[in-house]
Amino acid sequence: MNITLAAPRATASALPAPSPRPRLRGITAETVFVGRSLRHSLRDGESLLMAIMLPVMLMLMFTWVFGGAIDPSGAYVDYVVPGIILTCAGFGASSTAVYVANDMRTGIIDRFRTMPLRSGAVLTGHVVASVLRNLIATAIVIGVGVLVGFRPSANGWEWLALAGLIALYILAITYLFAAIGLAAGSPEGANGYGFVLLFLPYLSSAFVPVVSMPEWLQPVAANQPITPIVETIRGLLTDAPLQGEAWWAIGWCLAILLVAALWGAWLFRRKAARR
């Protein structure tokens, strides 16, 4: 009797180990997350609309309702537009805190961690998308200001410097709001914490001169970050005298950006490690 021996089956140890997926190179991951954040912004039309409409309504209110009492000559619109620009940037950037907090709560970060991409790409996507949104909103606000009587006297180089300063400010506060979104326990909490920062322009020279405030409040208003930034924007737009405010404005923006980026990176690693 002939007996045929079957060939031995390959054991699991003999199978080649699956090769790990290569990490995405360049800024591919960041580009994907920027597109994701922009699509979310377009779908959240109410937040996008309010980020533009609320500063516009504030400008119309300060110009047409309070402007005559503050400056009967009608030139108050030239004074208030720089403050409205920063207010617009703050309202637009505050939504980043809610988006980041929502990502942390829904568990989508756990899925992203299983992919071969840099963990910081998620935050980068939120921040870059916010900067793009807010630059567009700022242009709209300036356009509405021109319609209600604002007449900037900036030349080409001053417009470029203005765009750079506004972009740097938006980048800094957006990273700060992203860190707040990571620190908050819920999107609702992130919205509440971020709302506190939106009051800073009202405690600066954005809407009234510092010298018109009570004496005990003047040191606070003069030495907070918003005042040199708004004075620099006002000087670039209207040829108002600049006495070193530009360096203070850039310094404050860089300091906020550095602290917020480091704080956000630490919070992201800490919270993602717990999941």
# chains A, B, ... in the order shown; residues from 1 in each chain; ligands from 1

call {"tool": "select_by_dssp", "arguments": {"residues": "segment 90-235 of chain A", "states": "alpha helix (DSSP H)", "output": "PyMOL selection string"}}
result
chain A and resi 90-106+108-113+121-147+156-183+187-197+218-222+226-235

call {"tool": "residues_around", "arguments": {"residues": "segment 191-200 of chain A", "least_positions_apart": "6", "cutoff": "9 Å", "atoms": "only C-alpha atoms", "output": "ChimeraX atom specification"}}
result
/A:87,90-91,94-95,97-98,177,180-181,184,221,224-226

call {"tool": "closest_residue", "arguments": {"among": "A:Leu267, A:Ala246, A:Met104, A:Pro228", "to": "Gly164 of chain A", "atoms": "only C-alpha atoms"}}
result
A:Ala246

call {"tool": "closest_residue", "arguments": {"among": "A:Ile52, A:Pro201, A:Leu123, A:Phe207", "to": "Ala139 of chain A", "atoms": "only C-alpha atoms"}}
result
A:Ile52

call {"tool": "closest_residue", "arguments": {"among": "A:Ala51, A:Val210, A:Ala167, A:Ala190", "to": "Val141 of chain A", "atoms": "only C-alpha atoms"}}
result
A:Ala51

call {"tool": "closest_residue", "arguments": {"among": "A:Gly92, A:Gly83, A:Gly264, A:Gly35", "to": "Ala183 of chain A", "atoms": "only C-alpha atoms"}}
result
A:Gly264

call {"tool": "residues_around", "arguments": {"residues": "Gly251 of chain A", "least_positions_apart": "4", "cutoff": "12 Å", "atoms": "only C-alpha atoms", "output": "VMD selection string"}}
result
chain A and resid 165 168 to 169 172 225 to 226 228 to 229 244 to 247 255 to 258

call {"tool": "write_last_selection", "arguments": {"atoms": "N, CA and C atoms", "output": "tab-separated table (two decimals), in the first residue's frame"}}
result
chain	number	residue	atom	x	y	z
A	165	LEU	N	0.91	91.59	9.98
A	165	LEU	CA	0.63	91.71	11.41
A	165	LEU	C	-0.70	91.05	11.77
A	168	LEU	N	-0.26	87.32	11.68
A	168	LEU	CA	0.48	86.86	12.85
A	168	LEU	C	-0.39	86.87	14.09
A	169	TYR	N	-1.20	87.91	14.25
A	169	TYR	CA	-2.10	87.98	15.41
A	169	TYR	C	-3.14	86.86	15.36
A	172	ALA	N	-1.52	83.59	16.28
A	172	ALA	CA	-1.24	83.48	17.71
A	172	ALA	C	-2.49	83.16	18.52
A	225	PRO	N	-1.78	93.12	25.76
A	225	PRO	CA	-1.31	92.88	24.38
A	225	PRO	C	-2.10	93.61	23.30
A	226	ILE	N	-3.42	93.79	23.48
A	226	ILE	CA	-4.25	94.32	22.41
A	226	ILE	C	-3.91	95.77	22.08
A	228	PRO	N	-1.00	97.73	22.02
A	228	PRO	CA	0.03	98.00	20.99
A	228	PRO	C	-0.32	97.43	19.62
A	229	ILE	N	-1.04	96.32	19.59
A	229	ILE	CA	-1.41	95.74	18.30
A	229	ILE	C	-2.40	96.63	17.58
A	244	GLY	N	7.03	103.10	18.80
A	244	GLY	CA	7.52	101.81	19.29
A	244	GLY	C	6.46	100.75	19.47
A	245	GLU	N	5.19	101.08	19.16
A	245	GLU	CA	4.13	100.10	19.34
A	245	GLU	C	4.31	98.89	18.43
A	246	ALA	N	4.89	99.09	17.24
A	246	ALA	CA	5.02	97.99	16.29
A	246	ALA	C	5.88	96.86	16.86
A	247	TRP	N	6.98	97.22	17.52
A	247	TRP	CA	7.84	96.18	18.10
A	247	TRP	C	7.14	95.47	19.25
A	255	ALA	N	5.17	86.06	21.47
A	255	ALA	CA	5.13	85.47	22.81
A	255	ALA	C	3.87	84.62	22.99
A	256	ILE	N	2.73	85.16	22.58
A	256	ILE	CA	1.48	84.39	22.69
A	256	ILE	C	1.56	83.13	21.84
A	257	LEU	N	2.11	83.26	20.63
A	257	LEU	CA	2.21	82.11	19.73
A	257	LEU	C	3.11	81.03	20.32
A	258	LEU	N	4.24	81.42	20.89
A	258	LEU	CA	5.16	80.44	21.47
A	258	LEU	C	4.54	79.72	22.65
